[in-house]
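Novice: File follows, work_7.pdb with PDB, C-alpha atoms:
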ATOM      1  CA  MET A   1       7.112 -33.043  -8.077
ATOM      2  CA  VAL A   2       8.441 -30.184  -5.962
ATOM      3  CA  VAL A   3       6.856 -26.792  -6.513
ATOM      4  CA  ILE A   4       9.156 -23.906  -5.680
ATOM      5  CA  MET A   5       7.378 -20.711  -4.791
ATOM      6  CA  ALA A   6       9.106 -17.365  -5.025
ATOM      7  CA  ILE A   7       7.455 -15.011  -2.597
ATOM      8  CA  ARG A   8       8.784 -11.479  -2.812
ATOM      9  CA  PRO A   9       8.558  -8.842  -0.088
ATOM     10  CA  ILE A  10       5.705  -6.386  -0.602
ATOM     11  CA  ILE A  11       6.863  -2.759  -0.582
ATOM     12  CA  ALA A  12       5.023  -0.573   1.931
ATOM     13  CA  ALA A  13       4.124   3.100   1.638
ATOM     14  CA  PRO A  14       5.750   5.619   1.682
ATOM     15  CA  ASN A  15       8.411   3.887  -0.469
ATOM     16  CA  PRO A  16       8.973   6.184  -3.506
ATOM     17  CA  VAL A  17       8.683   3.313  -6.037
ATOM     18  CA  LEU A  18       4.946   3.294  -5.254
ATOM     19  CA  ARG A  19       4.668   6.891  -6.502
ATOM     20  CA  LYS A  20       6.457   6.422  -9.845
ATOM     21  CA  GLN A  21       4.796   5.979 -13.216
ATOM     22  CA  ALA A  22       5.690   2.386 -14.175
ATOM     23  CA  ARG A  23       7.392   1.747 -17.530
ATOM     24  CA  ARG A  24       5.620  -0.046 -20.388
ATOM     25  CA  ILE A  25       6.824  -3.553 -21.106
ATOM     26  CA  GLN A  26       8.330  -3.711 -24.596
ATOM     27  CA  ALA A  27       8.955  -7.462 -24.839
ATOM     28  CA  ILE A  28       7.531 -10.405 -22.920
ATOM     29  CA  ASP A  29      10.586 -12.508 -22.219
ATOM     30  CA  ALA A  30      11.723 -15.020 -19.580
ATOM     31  CA  ARG A  31      12.443 -12.189 -17.098
ATOM     32  CA  ILE A  32       8.877 -10.819 -17.385
ATOM     33  CA  ARG A  33       7.401 -14.325 -17.066
ATOM     34  CA  ALA A  34       9.534 -14.961 -13.939
ATOM     35  CA  ILE A  35       8.399 -11.677 -12.362
ATOM     36  CA  ALA A  36       4.770 -12.565 -13.148
ATOM     37  CA  ARG A  37       5.153 -16.033 -11.555
ATOM     38  CA  ASP A  38       6.749 -14.492  -8.458
ATOM     39  CA  MET A  39       3.925 -11.963  -8.277
ATOM     40  CA  LEU A  40       1.280 -14.690  -8.484
ATOM     41  CA  ASP A  41       3.036 -16.649  -5.707
ATOM     42  CA  THR A  42       3.309 -13.481  -3.618
ATOM     43  CA  LEU A  43      -0.344 -12.575  -4.181
ATOM     44  CA  VAL A  44      -1.605 -16.026  -3.219
ATOM     45  CA  HIS A  45       0.640 -16.091  -0.143
ATOM     46  CA  ALA A  46      -0.589 -12.630   0.930
ATOM     47  CA  GLU A  47      -4.205 -13.690   0.296
ATOM     48  CA  GLY A  48      -4.745 -10.574  -1.804
ATOM     49  CA  VAL A  49      -6.951  -9.796  -4.770
ATOM     50  CA  GLY A  50      -4.407  -7.923  -6.853
ATOM     51  CA  LEU A  51      -0.745  -6.999  -6.955
ATOM     52  CA  ALA A  52       1.089  -4.532  -9.195
ATOM     53  CA  ALA A  53       4.785  -4.856 -10.036
ATOM     54  CA  PRO A  54       5.737  -1.619  -8.208
ATOM     55  CA  GLN A  55       4.491  -3.288  -5.000
ATOM     56  CA  ILE A  56       7.421  -5.701  -5.254
ATOM     57  CA  GLY A  57       9.841  -2.933  -6.224
ATOM     58  CA  VAL A  58       9.658  -3.454 -10.007
ATOM     59  CA  SER A  59       8.601  -0.339 -11.921
ATOM     60  CA  LEU A  60       6.936  -2.095 -14.870
ATOM     61  CA  ARG A  61       3.326  -2.059 -16.128
ATOM     62  CA  LEU A  62       2.455  -5.545 -14.944
ATOM     63  CA  CYS A  63      -0.234  -6.712 -12.533
ATOM     64  CA  VAL A  64      -1.748  -9.962 -11.347
ATOM     65  CA  LEU A  65      -5.308 -10.466 -10.161
ATOM     66  CA  HIS A  66      -7.086 -13.222  -8.279
ATOM     67  CA  VAL A  67     -10.719 -12.779  -7.374
ATOM     68  CA  PRO A  68     -12.713 -15.563  -5.694
ATOM     69  CA  GLU A  69     -14.208 -18.170  -8.033
ATOM     70  CA  LYS A  70     -11.804 -17.263 -10.870
ATOM     71  CA  GLU A  71      -8.336 -18.379 -11.909
ATOM     72  CA  PRO A  72      -5.527 -15.900 -11.170
ATOM     73  CA  PHE A  73      -4.341 -14.036 -14.251
ATOM     74  CA  VAL A  74      -1.636 -11.671 -15.461
ATOM     75  CA  LEU A  75      -2.116  -8.392 -17.329
ATOM     76  CA  ILE A  76       0.724  -6.624 -19.109
ATOM     77  CA  ASN A  77       0.460  -2.920 -19.989
ATOM     78  CA  PRO A  78      -3.154  -2.827 -18.744
ATOM     79  CA  GLU A  79      -5.424   0.134 -19.350
ATOM     80  CA  ILE A  80      -8.964   1.041 -18.396
ATOM     81  CA  VAL A  81     -10.658   2.112 -21.625
ATOM     82  CA  LYS A  82     -14.151   2.734 -20.235
ATOM     83  CA  ARG A  83     -15.761   3.338 -16.836
ATOM     84  CA  ILE A  84     -19.490   3.096 -16.165
ATOM     85  CA  GLY A  85     -21.199   4.447 -13.076
ATOM     86  CA  GLU A  86     -19.832   5.058  -9.636
ATOM     87  CA  ARG A  87     -20.154   3.392  -6.265
ATOM     88  CA  GLU A  88     -18.662   3.699  -2.820
ATOM     89  CA  VAL A  89     -16.399   0.815  -1.789
ATOM     90  CA  VAL A  90     -14.232  -0.037   1.175
ATOM     91  CA  GLU A  91     -10.698  -0.541  -0.044
ATOM     92  CA  GLY A  92      -7.412  -1.663   1.427
ATOM     93  CA  CYS A  93      -3.965  -2.343   0.020
ATOM     94  CA  LEU A  94      -1.165  -4.825   0.635
ATOM     95  CA  SER A  95       1.229  -1.854   0.597
ATOM     96  CA  ILE A  96      -0.735  -0.064   3.327
ATOM     97  CA  PRO A  97      -1.366  -2.965   5.712
ATOM     98  CA  GLY A  98      -3.773  -2.573   8.594
ATOM     99  CA  TYR A  99      -5.823   0.251   7.084
ATOM    100  CA  GLN A 100      -8.774   0.744   4.779
ATOM    101  CA  GLY A 101     -10.978   3.567   3.630
ATOM    102  CA  LYS A 102     -14.146   4.315   1.693
ATOM    103  CA  ILE A 103     -13.556   5.631  -1.811
ATOM    104  CA  ARG A 104     -15.445   5.868  -5.089
ATOM    105  CA  ARG A 105     -14.865   3.369  -7.890
ATOM    106  CA  ALA A 106     -16.660   2.538 -11.133
ATOM    107  CA  ILE A 107     -19.511   0.025 -11.191
ATOM    108  CA  GLU A 108     -18.109  -1.503 -14.369
ATOM    109  CA  VAL A 109     -14.886  -1.074 -16.327
ATOM    110  CA  THR A 110     -13.661  -2.212 -19.696
ATOM    111  CA  ALA A 111      -9.962  -3.049 -19.602
ATOM    112  CA  LYS A 112      -7.387  -4.090 -22.140
ATOM    113  CA  GLY A 113      -3.811  -5.302 -22.078
ATOM    114  CA  LEU A 114      -1.719  -8.292 -23.019
ATOM    115  CA  ASP A 115      -1.582 -11.779 -21.548
ATOM    116  CA  LEU A 116       1.711 -13.564 -20.817
ATOM    117  CA  ASN A 117       1.849 -14.824 -24.406
ATOM    118  CA  GLY A 118       1.602 -11.285 -25.773
ATOM    119  CA  LYS A 119      -1.968 -11.857 -26.958
ATOM    120  CA  PRO A 120      -4.210  -8.771 -26.701
ATOM    121  CA  VAL A 121      -7.064  -9.153 -24.206
ATOM    122  CA  ARG A 122     -10.064  -6.917 -23.671
ATOM    123  CA  PHE A 123     -12.869  -7.554 -21.201
ATOM    124  CA  LYS A 124     -15.593  -6.026 -19.070
ATOM    125  CA  ALA A 125     -15.414  -6.353 -15.295
ATOM    126  CA  ARG A 126     -17.873  -5.632 -12.505
ATOM    127  CA  GLU A 127     -17.838  -5.629  -8.724
ATOM    128  CA  LEU A 128     -14.612  -6.806  -7.075
ATOM    129  CA  LEU A 129     -12.739  -7.407 -10.341
ATOM    130  CA  SER A 130     -13.486  -3.895 -11.642
ATOM    131  CA  GLN A 131     -12.384  -2.440  -8.311
ATOM    132  CA  ALA A 132      -9.183  -4.507  -8.333
ATOM    133  CA  LEU A 133      -8.379  -3.474 -11.918
ATOM    134  CA  GLU A 134      -8.774   0.209 -11.090
ATOM    135  CA  HIS A 135      -6.708  -0.241  -7.921
ATOM    136  CA  GLU A 136      -3.815  -2.078  -9.623
ATOM    137  CA  ILE A 137      -3.724   0.220 -12.653
ATOM    138  CA  ASP A 138      -3.645   3.154 -10.225
ATOM    139  CA  HIS A 139      -0.511   1.558  -8.719
ATOM    140  CA  LEU A 140       1.069   1.488 -12.179
ATOM    141  CA  ASN A 141       0.394   5.227 -12.402
ATOM    142  CA  GLY A 142       1.876   6.002  -8.972
ATOM    143  CA  VAL A 143      -1.539   6.485  -7.346
ATOM    144  CA  LEU A 144      -2.618   4.909  -4.049
ATOM    145  CA  TYR A 145      -6.211   4.476  -2.921
ATOM    146  CA  ILE A 146      -5.541   6.836  -0.012
ATOM    147  CA  ASP A 147      -5.177   9.634  -2.588
ATOM    148  CA  TYR A 148      -8.947   9.404  -3.119
ATOM    149  CA  LEU A 149      -9.824   9.951   0.541
ATOM    150  CA  GLU A 150     -11.315  13.363   1.290
ATOM    151  CA  SER A 151      -9.143  13.551   4.393
ATOM    152  CA  PRO A 152      -6.432  11.381   6.013
ATOM    153  CA  ASP A 153      -8.826  11.137   8.978
ATOM    154  CA  MET A 154     -11.031   8.924   6.806
ATOM    155  CA  LEU A 155      -8.426   6.146   6.872
ATOM    156  CA  CYS A 156      -9.575   3.460   9.323
ATOM    157  CA  LYS A 157      -7.243   1.132  11.198
ATOM    158  CA  ILE A 158      -8.266  -2.511  10.947
ATOM    159  CA  GLU A 159      -7.109  -5.505  12.890
ATOM    160  CA  LEU A 160      -5.116  -7.792  10.658
ATOM    161  CA  GLU A 161      -6.582 -11.290  10.663
ATOM    162  CA  LYS A 162      -3.256 -13.081  11.203
ATOM    163  CA  GLU A 163      -2.362 -10.792  14.110
ATOM    164  CA  ALA A 164      -5.793 -11.354  15.617
ATOM    165  CA  GLN A 165      -5.428 -15.144  15.349
ATOM    166  CA  SER A 166      -1.948 -15.011  16.914
ATOM    167  CA  GLU A 167      -3.181 -12.851  19.774
ATOM    168  CA  MET A 168      -6.160 -15.147  20.341
ATOM    169  CA  ALA A 169      -3.889 -18.203  20.403
ATOM    170  CA  ALA A 170      -1.582 -16.442  22.890
ATOM    171  CA  HIS A 171      -4.541 -15.693  25.170
ATOM    172  CA  VAL A 172      -5.854 -19.255  24.948
ATOM    173  CA  SER A 173      -2.526 -20.897  25.846
TER     174      SER A 173
END
Could the structure of this file be written out as structure tokens, please?
Specialist:
Amino acid sequence: MVVIMAIRPIIAAPNPVLRKQARRIQAIDARIRAIARDMLDTLVHAEGVGLAAPQIGVSLRLCVLHVPEKEPFVLINPEIVKRIGEREVVEGCLSIPGYQGKIRRAIEVTAKGLDLNGKPVRFKARELLSQALEHEIDHLNGVLYIDYLESPDMLCKIELEKEAQSEMAAHVS
């Protein structure tokens, strides 16, 4: 069996689609399912934790998440309905490659939305999953994690792992 992956380009800041409020999904049809599959393929390929539809240029309230030790999943029209506590986390974003910054996120969130079958889901999340949910839902609202930095000077450049491996291989050869 041949598995065809559809990896879409990830939109980088300052593309204006990242700053728009995404539209609610009214009906879960073949088009929405295809976008979700493409997003899952793109997320896995990028080795990310979460991806929101605006990050692939689609202004719809749809996100996919994949935290270690759990199966990837899709959320349609997601919302955070409750936040508990606050903690400082280091965060990055596939749409702002090569940078990260320390921001404040909830310790625990309760989220709700729909799955790909249109079934309502509601769950509590902690740690990385709660952070990813807040991050992706922010994307759906046109908010980037850098908006939470006290100053642009607090954004730290990081060495991208793939670039580092390529440079190391070039130096070894």
Novice: Take the PyMOL selection byres ((chain A and resi 15) around 12), run it mentally on this structure, and tell me the resulting residues as a PyMOL selection string.
Specialist: chain A and resi 10-14+16-20+54-57+95-96+142+144
Novice: Check the smallest atom-to-atom distance from each of A:Ile84, A:Ile103, A:Ala111, A:Ala36 to Leu133 of chain A using all atoms listed in the file, then report the winner.
Specialist: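 Going through A:Ile84, A:Ile103, A:Ala111, A:Ala36 one by one, the smallest distance to Leu133 of chain A is for A:Ala111.
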Novice: Would you mind telling me which residue in A:Cys156, A:Ile35, A:Ala53, A:Cys63 lies nearest to Leu114 of chain A when using only C-alpha atoms?
Specialist: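 Nearest to Leu114 of chain A: A:Cys63.
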Novice: How would you write, as a CSV table (one decimal) with C-alpha atoms, in the frame of the given file, the residues chosen by the PyMOL selection byres ((chain A and resi 40) around 12) on this structure?
Specialist:
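This went into result_11.csv:
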chain,number,residue,atom,x,y,z
A,5,MET,CA,7.4,-20.7,-4.8
A,6,ALA,CA,9.1,-17.4,-5.0
A,7,ILE,CA,7.5,-15.0,-2.6
A,8,ARG,CA,8.8,-11.5,-2.8
A,33,ARG,CA,7.4,-14.3,-17.1
A,34,ALA,CA,9.5,-15.0,-13.9
A,35,ILE,CA,8.4,-11.7,-12.4
A,36,ALA,CA,4.8,-12.6,-13.1
A,37,ARG,CA,5.2,-16.0,-11.6
A,38,ASP,CA,6.7,-14.5,-8.5
A,39,MET,CA,3.9,-12.0,-8.3
A,41,ASP,CA,3.0,-16.6,-5.7
A,42,THR,CA,3.3,-13.5,-3.6
A,43,LEU,CA,-0.3,-12.6,-4.2
A,44,VAL,CA,-1.6,-16.0,-3.2
A,45,HIS,CA,0.6,-16.1,-0.1
A,46,ALA,CA,-0.6,-12.6,0.9
A,47,GLU,CA,-4.2,-13.7,0.3
A,48,GLY,CA,-4.7,-10.6,-1.8
A,49,VAL,CA,-7.0,-9.8,-4.8
A,50,GLY,CA,-4.4,-7.9,-6.9
A,51,LEU,CA,-0.7,-7.0,-7.0
A,52,ALA,CA,1.1,-4.5,-9.2
A,53,ALA,CA,4.8,-4.9,-10.0
A,56,ILE,CA,7.4,-5.7,-5.3
A,62,LEU,CA,2.5,-5.5,-14.9
A,63,CYS,CA,-0.2,-6.7,-12.5
A,64,VAL,CA,-1.7,-10.0,-11.3
A,65,LEU,CA,-5.3,-10.5,-10.2
A,66,HIS,CA,-7.1,-13.2,-8.3
A,71,GLU,CA,-8.3,-18.4,-11.9
A,72,PRO,CA,-5.5,-15.9,-11.2
A,73,PHE,CA,-4.3,-14.0,-14.3
A,74,VAL,CA,-1.6,-11.7,-15.5
A,75,LEU,CA,-2.1,-8.4,-17.3
Novice: For Ile137 of chain A, which residue among A:Val89, A:Ala125, A:Ala22, A:Leu155 is the nearest when counting all atoms listed in the file?
Specialist: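 Using all atoms listed in the file, the shortest distance to Ile137 of chain A belongs to A:Ala22.
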Novice: Using only C-alpha atoms, determine which residues lie at most 9 Å from Arg87 of chain A, disregarding the query and same-chain residues fewer than 2 positions distant; provide the list as an mmCIF file with C-alpha atoms, in the coordinates of the input.
Specialist:
data_model
loop_
_atom_site.group_PDB
_atom_site.id
_atom_site.type_symbol
_atom_site.label_atom_id
_atom_site.label_comp_id
_atom_site.auth_asym_id
_atom_site.auth_seq_id
_atom_site.Cartn_x
_atom_site.Cartn_y
_atom_site.Cartn_z
ATOM 1 C CA GLY A 85 -21.199 4.447 -13.076
ATOM 2 C CA VAL A 89 -16.399 0.815 -1.789
ATOM 3 C CA ILE A 103 -13.556 5.631 -1.811
ATOM 4 C CA ARG A 104 -15.445 5.868 -5.089
ATOM 5 C CA ARG A 105 -14.865 3.369 -7.890
ATOM 6 C CA ALA A 106 -16.660 2.538 -11.133
ATOM 7 C CA ILE A 107 -19.511 0.025 -11.191
#
Novice: Grab the atom CA of Val121 of chain A to atom CA of Asn77 of chain A distance for me, in Å with one decimal place.
Specialist: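 Computing the Euclidean distance for atom CA of Val121 of chain A and atom CA of Asn77 of chain A yields 10.6 Å.
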Novice: Take atom CA of Ile28 of chain A and atom CA of Gly113 of chain A and report the distance between them in Å, one decimal.
Specialist: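 Interatomic distance here is 12.5 Å.
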Novice: Please compute the atom CA of Glu88 of chain A-atom CA of Lys102 of chain A distance, one decimal, in Å.
Specialist: 6.4 Å
Novice: Measuring atom to atom with all atoms listed in the file, identify which of A:Leu94, A:Thr110, A:Lys124, A:Leu116 is nearest to Tyr145 of chain A.
Specialist: A:Leu94
Novice: Which residue, A:Asp138, A:Glu108, A:Leu128, A:Val67, has the smallest gap to Glu86 of chain A when you use only C-alpha atoms?
Specialist: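 Distance minimum relative to Glu86 of chain A lands on A:Glu108.
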Novice: Let me know the residues the PyMOL selection byres ((chain A and resi 25) around 7) catches in the file above, as a ChimeraX atom specification.
Specialist: /A:23-24,26-27,60-61,77
Novice: Counting only C-alpha atoms, which residue out of A:Cys93, A:Val58, A:Ile80, A:Leu149 sits closest to Glu134 of chain A?
Specialist: A:Ile80
